[in-house]
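Asks: Here you go, one structure.
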Amino acid sequence: MGSKPWLYPAPTYRNLETYWDTDEDAPGPRCAHTLTAVAATKSHGPRLILFGGATAIEGGSSSAPGIRLAGVTNSVHSYDVQTKKWTSLKPAGEPPSPRAAHAAAAVGTMVVFQGGIGPAGHSTDDLYVLDLTNDKYKWHRVVVQGQGPGPRYGHVMDLVAQRYLVTVSGNDGKRVVSDAWALDTAQKPYVWQKLNPEGDRPSARMYATASARSDGMFLLCGGRDSSGAPLADAYGLLMHRNGQWEWTLAPGVSPSPRYQHAAVFVGARLHVTGGVLRGGRAVEGEASIAVLDTAAGVWLDRNGIVSSSRSNKGHDYDPSLELMHRCRHAAAAVGIHIFIHGGLRGDTLLDDFLVAENSPFPPDINSPVLTAERASLVTSSKQNQSNYNVTTPNLDGEPDILSSGGSGMDKNSLEKLREASAAEAEAASAVWQAVQVISSNPAEETSVSDDNSQAAETVSDGSDAEGDVRLHPRAVVVAKEAVGNLGGMVRQLSLDQFENESRRMVPINNDLPYPTKKFTRQKSPQGLHKKIISTLLRPRNWKAPTNRRFFLDSYEVGELCYAAEQIFMHEPTVLQLKAPVKVFGDLHGQFGDLMRLFDEYGFPSTAGDITYIDYLFLGDYVDRGQHSLETITLLLALKIEYPENVHLIRGNHEAADINALFGFRIECIERMGENDGIWAWTRFNQLFNYLPLAALIEKKIICMHGGIGRSIHSVEQIEKLERPITMDAGSIVLMDLLWYLFVYLSIFLSRCFLLYLHFPFFPPLRAILNATERLLFYDLEIMCSNLGNNLSACGVKVANITLPKPHLVGALCIGSPWIFPFLFLL
């Protein structure tokens with residue numbers, strides 16, 4: 001069956017020529033090893049880390065059964081993706097024992113290894129970390145408290161949601177197991193937690209594969225059950241915002257059951273290669289190369305959608321397919337490239353290195369699925385770069401495994417998925433074609449596209465689309481929006497489950513802690529907000545434009561402000577938020593710093609961490625910096641794209657009389673021209689009057705730009721403030737919310753400082769300044785420390801930025817215009 005125009009088939013693999021300086025640097029033939037992609041560092045580009053495996057075999061005949069692996073090693077080799085060069089590494093510290101059939105996962109610039117089997121039997125269940133952050137590579141053994149998964153081999157492990165090390169299944173030496181364990185890398189002391197997921201649980205298995213999608217879904221594929229039979233199913237494991245884990249059976253028909261294969265995600269596509277059947281027979285023919293497209297919910301081989309399992313017999317000879325007749329090989333992905341090393345073919349160990357691209361030829365650019373996939377591929381290289389986290393060794397020599405992840409999945413994650421038949425795959429195709437017709441007809445729905453993605457995005461008004469689609473007993477529900485890795489998701493539900501579809505993440509008793517409001521994503525002309533996001537959201541490679549001319553005109557600024565304003569108008573004055581939340585302070589046009597923070601701690605995108613953690617910005621987006629326009633336009637575009645996950649409140653610089661003096665007005669005029677610049681500046685300030693004024697996290701932590709002052713005694717006082725509201729029309733409550741800390745502290749310090757300049761030896765003044773310093777840098781430090789602990793207890797992440805004392809004093813003083821009259825006196 002041919003591929004649909006909106007799906008492209010599995011790729012073709014080819015040999016890749018690589019280099020090394022000495023024979024020791026070459027990894028050589030091996031199998032049952034791991035290959036892990038590691039993020040780039042300051043001195044190295046992206047790398048693949050090869051560890052362990054068997055380098056020899058004993059006994060056997062011309063077929064795989066009966067052979068024994070030998071020459072098990074603990075050697076480490078690094079492959080530089082940019083230079084195509086292999087290097088043997090000799091890290092310091094105590095290495096793990098030689099092992100094969102182990103599991104590995106990347107955590108930032110570290111690789112974590114667990115389990116396996118070696119010459120002396122099962123390896124321990126200790127976690128070994130290879131730290132590649134600096135040029136001085138080092139092994140660490142991570143101390144984990146309490147009971148863990150125990151020694152095992154043939155299991156799988158990966159980092160889920162940039163935070164949780166999840167290990168599943170395997171063989172503990174007595175039996176094949178089906179348990180699942182998770183370790184929170186952001187919480188010390190480290191503790192393994194045995195999971196009790198809801199949903200359709202996979203059977204016990206070993207020699208399966210698993211890979212974590214960038215949005216936090218852990219996908220388990222294939223394996224061998226306790227009777228030795230190969231398995232063809234696939235299960236997704238995901239974590240909801242309430243902390244509950246859930247298994248879901250993936251849709252589609254796998255080309256073949258298999259075990260001892262390899263699998264890795266690129267965007268929303270899981271690339272599966274090789275493997276064997278019962279008796280050690282290799283998976284042959286087209287089934288040896290397959291792709292599970294989790295966005296469309298179908299399996300594909302090189303001929304297109306798979307509607308039934310295909311036999312190994314009767315296929316024509318194809319050299320490219322013969323390359324994939326292997327098992328016990330290792331795979332990893334960097335960007336859109338999938339790399340495969342080694343493995344076993346019959347009784348022959350392999351040492352070749354293969355590569356394929358996720359998109360071997362340009363697909364139909366108008367396809368909803370492909371545009372979402374293409375958008376994810378633009379950012380997929382960041383999965384191995386910007387989404388990784390920094391590790392810092394602590395005092396006892398054990399590395400901290402820091403993570404920017406949150407604690408749950410968005411409700412748009414995979415719902416209950418049922419096993420798809422060939423008829424259901426055809427139904428999915430029919431629905432997609434109907435959606436394409438609807439999207440292309442402006443009389444029925446407004447299509448939104450941009451120069452980069454061409455994705456058809458529609459805003460539903462709740463009415464049923466009248467497509468010529470025959471309703472099956474099992475309905476196929478297709479998300480109309482194609483955004484990121486979750487675009488084009490197919491949900492297959494029995495008709496009696498529709499009633500529960502919208503209730504999955506709502507408590508059964510409807511006893512919500514506070515009212516929630518659903519926002520419909522606002523339309524922007526020609527996908528304007530998508531254009532802004534694709535242009536500006538580049539955490540790792542954003543560079544200030546050499547030409548200072550801003551890329552939007554005044555009309556586009558007006559449309560952007562209107563779309564965002566419609567969202568702010570329906571939000572309360574005090575936002576009611578749930579943890580986990582990332583909280584960002586003043587940005588002041590420092591767009592480069594914003595990108596640096598996104599690079600360090602994760603960024604709001606489906607390729608980042610928006611599916612399981614919210615973002616809160618506390619105001620002062622403009623003025624002082626050189627890129628106020630980029631800062632405010634990107635935040636507004638993100639608000640339009642993720643109205644329930646990105647939150648903006650007002651600062652004292654979101655006012656015309658302030659940002660006219662501190663640089664925003666001048667920047668608009670210089671970069672957009674006088675007429676367009678003044679118009680855009682005025683429109684931005686009209687929008688600022690609608691911004692919420694505070695946020696309450698978990699009904700415990702109140703967030704605002706300034707302070708509570710002496711006028712505010714309850715949250716209700718803030719909630720009563722009606723918007724739009726200007727500074728001159730605001731009450732003392734508004735002034736305290738936006739100005740409190742700066743006004744009083746600036747007046748006090750500036751007066752003391754001026755007096756100290758004229759009377760430097762006056763003891764009372766010296767005492768006052770010394771006391772003020774203690775207040776600012778001692779008591780404030782204690783207060784912030786306590787606040788940080790409270791925030792962490794509620795699941796709130798705050799970026800810690802330490803400034804030298806003079807910078808902090810300058811920020812506190814110069815942050816208020818009240819100091820200017822005193823400065824003029826000098």
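Following the order of the structure tokens, chains are lettered A, B, ..., residues in each are numbered from 1, and ligands are numbered from 1.
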Just list as a PDB file with N, CA, C and O atoms, in the first residue's frame whatever in region 248-374 of chain A DSSP marks as helix (DSSP H, G or I).
Replies:
```
ATOM      1  N   ARG A 278      11.627 -15.690  16.652  1.00  0.00           N
ATOM      2  CA  ARG A 278      11.851 -16.902  17.440  1.00  0.00           C
ATOM      3  C   ARG A 278      12.894 -17.781  16.741  1.00  0.00           C
ATOM      4  O   ARG A 278      12.868 -17.960  15.525  1.00  0.00           O
ATOM      5  N   GLY A 279      13.799 -18.320  17.552  1.00  0.00           N
ATOM      6  CA  GLY A 279      14.854 -19.147  16.998  1.00  0.00           C
ATOM      7  C   GLY A 279      16.044 -18.360  16.499  1.00  0.00           C
ATOM      8  O   GLY A 279      16.983 -18.927  15.938  1.00  0.00           O
ATOM      9  N   GLY A 280      16.038 -17.056  16.660  1.00  0.00           N
ATOM     10  CA  GLY A 280      17.168 -16.239  16.254  1.00  0.00           C
ATOM     11  C   GLY A 280      17.187 -15.885  14.788  1.00  0.00           C
ATOM     12  O   GLY A 280      18.183 -15.348  14.290  1.00  0.00           O
ATOM     13  N   GLY A 285      13.574  -8.473   4.831  1.00  0.00           N
ATOM     14  CA  GLY A 285      12.688  -7.751   3.929  1.00  0.00           C
ATOM     15  C   GLY A 285      12.401  -6.336   4.411  1.00  0.00           C
ATOM     16  O   GLY A 285      13.145  -5.749   5.205  1.00  0.00           O
ATOM     17  N   GLU A 286      11.298  -5.788   3.936  1.00  0.00           N
ATOM     18  CA  GLU A 286      10.936  -4.421   4.270  1.00  0.00           C
ATOM     19  C   GLU A 286      10.679  -4.242   5.759  1.00  0.00           C
ATOM     20  O   GLU A 286      10.807  -3.140   6.300  1.00  0.00           O
ATOM     21  N   ALA A 287      10.309  -5.309   6.453  1.00  0.00           N
ATOM     22  CA  ALA A 287      10.018  -5.206   7.879  1.00  0.00           C
ATOM     23  C   ALA A 287      11.244  -4.881   8.712  1.00  0.00           C
ATOM     24  O   ALA A 287      11.120  -4.480   9.875  1.00  0.00           O
ATOM     25  N   SER A 288      12.436  -5.044   8.148  1.00  0.00           N
ATOM     26  CA  SER A 288      13.649  -4.787   8.924  1.00  0.00           C
ATOM     27  C   SER A 288      13.873  -3.311   9.184  1.00  0.00           C
ATOM     28  O   SER A 288      14.666  -2.938  10.052  1.00  0.00           O
ATOM     29  N   PRO A 319      20.294  -4.568  -1.435  1.00  0.00           N
ATOM     30  CA  PRO A 319      21.490  -4.380  -0.596  1.00  0.00           C
ATOM     31  C   PRO A 319      21.239  -3.485   0.603  1.00  0.00           C
ATOM     32  O   PRO A 319      21.801  -3.715   1.682  1.00  0.00           O
ATOM     33  N   SER A 320      20.416  -2.464   0.439  1.00  0.00           N
ATOM     34  CA  SER A 320      20.165  -1.560   1.564  1.00  0.00           C
ATOM     35  C   SER A 320      19.399  -2.261   2.676  1.00  0.00           C
ATOM     36  O   SER A 320      19.587  -1.959   3.860  1.00  0.00           O
ATOM     37  N   LEU A 321      18.519  -3.211   2.313  1.00  0.00           N
ATOM     38  CA  LEU A 321      17.817  -3.982   3.339  1.00  0.00           C
ATOM     39  C   LEU A 321      18.718  -5.023   3.971  1.00  0.00           C
ATOM     40  O   LEU A 321      18.601  -5.318   5.174  1.00  0.00           O
ATOM     41  N   GLU A 322      19.615  -5.581   3.183  1.00  0.00           N
ATOM     42  CA  GLU A 322      20.553  -6.564   3.736  1.00  0.00           C
ATOM     43  C   GLU A 322      21.417  -5.941   4.831  1.00  0.00           C
ATOM     44  O   GLU A 322      21.820  -6.614   5.772  1.00  0.00           O
ATOM     45  N   PRO A 368      -0.666  18.579   6.836  1.00  0.00           N
ATOM     46  CA  PRO A 368      -0.705  18.949   8.260  1.00  0.00           C
ATOM     47  C   PRO A 368       0.263  18.138   9.085  1.00  0.00           C
ATOM     48  O   PRO A 368       0.927  18.655   9.955  1.00  0.00           O
ATOM     49  N   VAL A 369       0.359  16.843   8.805  1.00  0.00           N
ATOM     50  CA  VAL A 369       1.239  16.002   9.604  1.00  0.00           C
ATOM     51  C   VAL A 369       2.688  16.341   9.342  1.00  0.00           C
ATOM     52  O   VAL A 369       3.497  16.474  10.240  1.00  0.00           O
ATOM     53  N   LEU A 370       3.020  16.504   8.062  1.00  0.00           N
ATOM     54  CA  LEU A 370       4.407  16.734   7.733  1.00  0.00           C
ATOM     55  C   LEU A 370       4.878  18.106   8.158  1.00  0.00           C
ATOM     56  O   LEU A 370       6.038  18.280   8.522  1.00  0.00           O
ATOM     57  N   THR A 371       4.018  19.100   8.119  1.00  0.00           N
ATOM     58  CA  THR A 371       4.440  20.411   8.576  1.00  0.00           C
ATOM     59  C   THR A 371       4.718  20.387  10.063  1.00  0.00           C
ATOM     60  O   THR A 371       5.658  20.997  10.537  1.00  0.00           O
ATOM     61  N   ALA A 372       3.901  19.672  10.814  1.00  0.00           N
ATOM     62  CA  ALA A 372       4.174  19.531  12.245  1.00  0.00           C
ATOM     63  C   ALA A 372       5.472  18.795  12.466  1.00  0.00           C
ATOM     64  O   ALA A 372       6.284  19.155  13.316  1.00  0.00           O
ATOM     65  N   GLU A 373       5.702  17.735  11.668  1.00  0.00           N
ATOM     66  CA  GLU A 373       6.934  16.962  11.817  1.00  0.00           C
ATOM     67  C   GLU A 373       8.135  17.796  11.435  1.00  0.00           C
ATOM     68  O   GLU A 373       9.171  17.773  12.083  1.00  0.00           O
ATOM     69  N   ARG A 374       7.969  18.573  10.322  1.00  0.00           N
ATOM     70  CA  ARG A 374       9.090  19.392   9.886  1.00  0.00           C
ATOM     71  C   ARG A 374       9.421  20.445  10.931  1.00  0.00           C
ATOM     72  O   ARG A 374      10.578  20.735  11.204  1.00  0.00           O
TER      73      ARG A 374
END
```
Asks: Could you check which of A:Ala180, A:Met324, A:Leu249, A:Leu687 is closest to Val168 (chain A), using only C-alpha atoms?
Replies: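 Between A:Ala180, A:Met324, A:Leu249, A:Leu687, the residue approaching Val168 (chain A) most closely is A:Ala180.
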Asks: Find the spatial neighbours of region 575-577 of chain A, counting only C-alpha atoms, within a cut-off of 12 Å - ignore same-chain residues fewer than 3 positions away - and output them as an NGL selection string.
Replies: :A and (512-517 or 568 or 570-572 or 580-583 or 613-618 or 644-650 or 691-704 or 715 or 718-719 or 794-796)
Asks: Between A:Cys221, A:Met206, A:Leu300, A:Ala106, which residue has the minimum interatomic distance to Pro9 (chain A), considering only C-alpha atoms?
Replies: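 Residue with the minimum atom-to-atom distance to Pro9 (chain A): A:Leu300.
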Asks: I'd like the neighbourhood of Trp139 (chain A) as a ChimeraX atom specification, where a residue qualifies if any of its atoms comes within 10 Å (using only C-alpha atoms), though same-chain residues fewer than 2 positions away should be ignored.
Replies: /A:90-96,110-112,128-132,137,141-142,398-399
Asks: Output N, CA and C atoms of each residue in that selection to a file, as an mmCIF file, in the first residue's frame.
Replies:
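Done, and the output landed in out-v2.cif:
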```cif
data_model
loop_
_atom_site.group_PDB
_atom_site.id
_atom_site.type_symbol
_atom_site.label_atom_id
_atom_site.label_comp_id
_atom_site.auth_asym_id
_atom_site.auth_seq_id
_atom_site.Cartn_x
_atom_site.Cartn_y
_atom_site.Cartn_z
ATOM 1 N N LYS A 90 39.527 7.563 28.166
ATOM 2 C CA LYS A 90 40.027 6.949 29.396
ATOM 3 C C LYS A 90 39.623 7.831 30.572
ATOM 4 N N PRO A 91 38.371 7.781 30.984
ATOM 5 C CA PRO A 91 37.928 8.666 32.063
ATOM 6 C C PRO A 91 38.597 8.315 33.390
ATOM 7 N N ALA A 92 38.758 9.325 34.231
ATOM 8 C CA ALA A 92 39.275 9.103 35.578
ATOM 9 C C ALA A 92 38.188 8.482 36.445
ATOM 10 N N GLY A 93 38.584 7.995 37.601
ATOM 11 C CA GLY A 93 37.620 7.406 38.516
ATOM 12 C C GLY A 93 37.453 5.918 38.299
ATOM 13 N N GLU A 94 36.650 5.313 39.154
ATOM 14 C CA GLU A 94 36.419 3.872 39.091
ATOM 15 C C GLU A 94 35.362 3.561 38.043
ATOM 16 N N PRO A 95 35.713 2.817 36.988
ATOM 17 C CA PRO A 95 34.737 2.548 35.931
ATOM 18 C C PRO A 95 33.790 1.425 36.336
ATOM 19 N N PRO A 96 32.667 1.311 35.662
ATOM 20 C CA PRO A 96 31.797 0.153 35.896
ATOM 21 C C PRO A 96 32.461 -1.118 35.382
ATOM 22 N N MET A 110 26.135 14.204 30.431
ATOM 23 C CA MET A 110 26.506 12.980 31.124
ATOM 24 C C MET A 110 25.769 11.810 30.486
ATOM 25 N N VAL A 111 26.335 10.614 30.689
ATOM 26 C CA VAL A 111 25.665 9.387 30.276
ATOM 27 C C VAL A 111 25.554 8.499 31.508
ATOM 28 N N VAL A 112 24.351 8.009 31.756
ATOM 29 C CA VAL A 112 24.081 7.165 32.911
ATOM 30 C C VAL A 112 23.934 5.723 32.434
ATOM 31 N N TYR A 128 26.040 4.263 37.198
ATOM 32 C CA TYR A 128 27.355 4.833 36.906
ATOM 33 C C TYR A 128 27.163 5.992 35.934
ATOM 34 N N VAL A 129 27.801 7.108 36.248
ATOM 35 C CA VAL A 129 27.661 8.318 35.442
ATOM 36 C C VAL A 129 29.009 8.658 34.821
ATOM 37 N N LEU A 130 29.017 8.805 33.499
ATOM 38 C CA LEU A 130 30.191 9.286 32.780
ATOM 39 C C LEU A 130 29.998 10.771 32.531
ATOM 40 N N ASP A 131 30.784 11.597 33.223
ATOM 41 C CA ASP A 131 30.640 13.046 33.145
ATOM 42 C C ASP A 131 31.551 13.589 32.058
ATOM 43 N N LEU A 132 30.930 14.167 31.014
ATOM 44 C CA LEU A 132 31.676 14.705 29.878
ATOM 45 C C LEU A 132 31.579 16.219 29.797
ATOM 46 N N TYR A 137 37.285 13.997 31.685
ATOM 47 C CA TYR A 137 36.187 13.052 31.807
ATOM 48 C C TYR A 137 36.362 12.225 33.075
ATOM 49 N N ARG A 141 30.020 6.994 40.658
ATOM 50 C CA ARG A 141 28.998 6.014 41.038
ATOM 51 C C ARG A 141 27.968 6.733 41.892
ATOM 52 N N VAL A 142 26.728 6.735 41.452
ATOM 53 C CA VAL A 142 25.667 7.493 42.111
ATOM 54 C C VAL A 142 25.088 6.659 43.251
ATOM 55 N N GLU A 398 29.987 13.294 44.215
ATOM 56 C CA GLU A 398 28.903 12.712 43.424
ATOM 57 C C GLU A 398 28.246 13.806 42.603
ATOM 58 N N PRO A 399 27.984 13.566 41.317
ATOM 59 C CA PRO A 399 27.422 14.642 40.491
ATOM 60 C C PRO A 399 25.969 14.876 40.805
#
```
Asks: Would you kindly return, as number ranges by chain, each protein, DNA or RNA residue with an atom no farther than 7 Å from any atom of Ala262 (chain A), considering only C-alpha atoms and excluding same-chain residues fewer than 6 positions away?
Replies: A: 209, 272-274, 329-331
Asks: Those residues you just picked out, can you put them in a file as a PDB file, in the first residue's frame with N, CA and C atoms?
Replies:
```
ATOM      1  N   THR A 209      13.004  -2.468  23.158  1.00  0.00           N
ATOM      2  CA  THR A 209      13.653  -1.166  23.033  1.00  0.00           C
ATOM      3  C   THR A 209      12.717  -0.112  23.597  1.00  0.00           C
ATOM      4  N   VAL A 272      12.696   2.153  14.007  1.00  0.00           N
ATOM      5  CA  VAL A 272      12.964   0.802  14.498  1.00  0.00           C
ATOM      6  C   VAL A 272      13.732   0.049  13.422  1.00  0.00           C
ATOM      7  N   THR A 273      14.812  -0.636  13.823  1.00  0.00           N
ATOM      8  CA  THR A 273      15.657  -1.326  12.849  1.00  0.00           C
ATOM      9  C   THR A 273      16.034  -2.704  13.360  1.00  0.00           C
ATOM     10  N   GLY A 274      16.168  -3.636  12.405  1.00  0.00           N
ATOM     11  CA  GLY A 274      16.713  -4.952  12.691  1.00  0.00           C
ATOM     12  C   GLY A 274      15.886  -5.788  13.637  1.00  0.00           C
ATOM     13  N   HIS A 329      22.404  -4.557  17.884  1.00  0.00           N
ATOM     14  CA  HIS A 329      23.143  -3.375  17.477  1.00  0.00           C
ATOM     15  C   HIS A 329      22.708  -2.201  18.345  1.00  0.00           C
ATOM     16  N   ALA A 330      23.307  -1.040  18.126  1.00  0.00           N
ATOM     17  CA  ALA A 330      22.999   0.149  18.924  1.00  0.00           C
ATOM     18  C   ALA A 330      22.662   1.297  17.993  1.00  0.00           C
ATOM     19  N   ALA A 331      21.728   2.158  18.440  1.00  0.00           N
ATOM     20  CA  ALA A 331      21.284   3.281  17.618  1.00  0.00           C
ATOM     21  C   ALA A 331      21.180   4.537  18.460  1.00  0.00           C
TER      22      ALA A 331
END
```
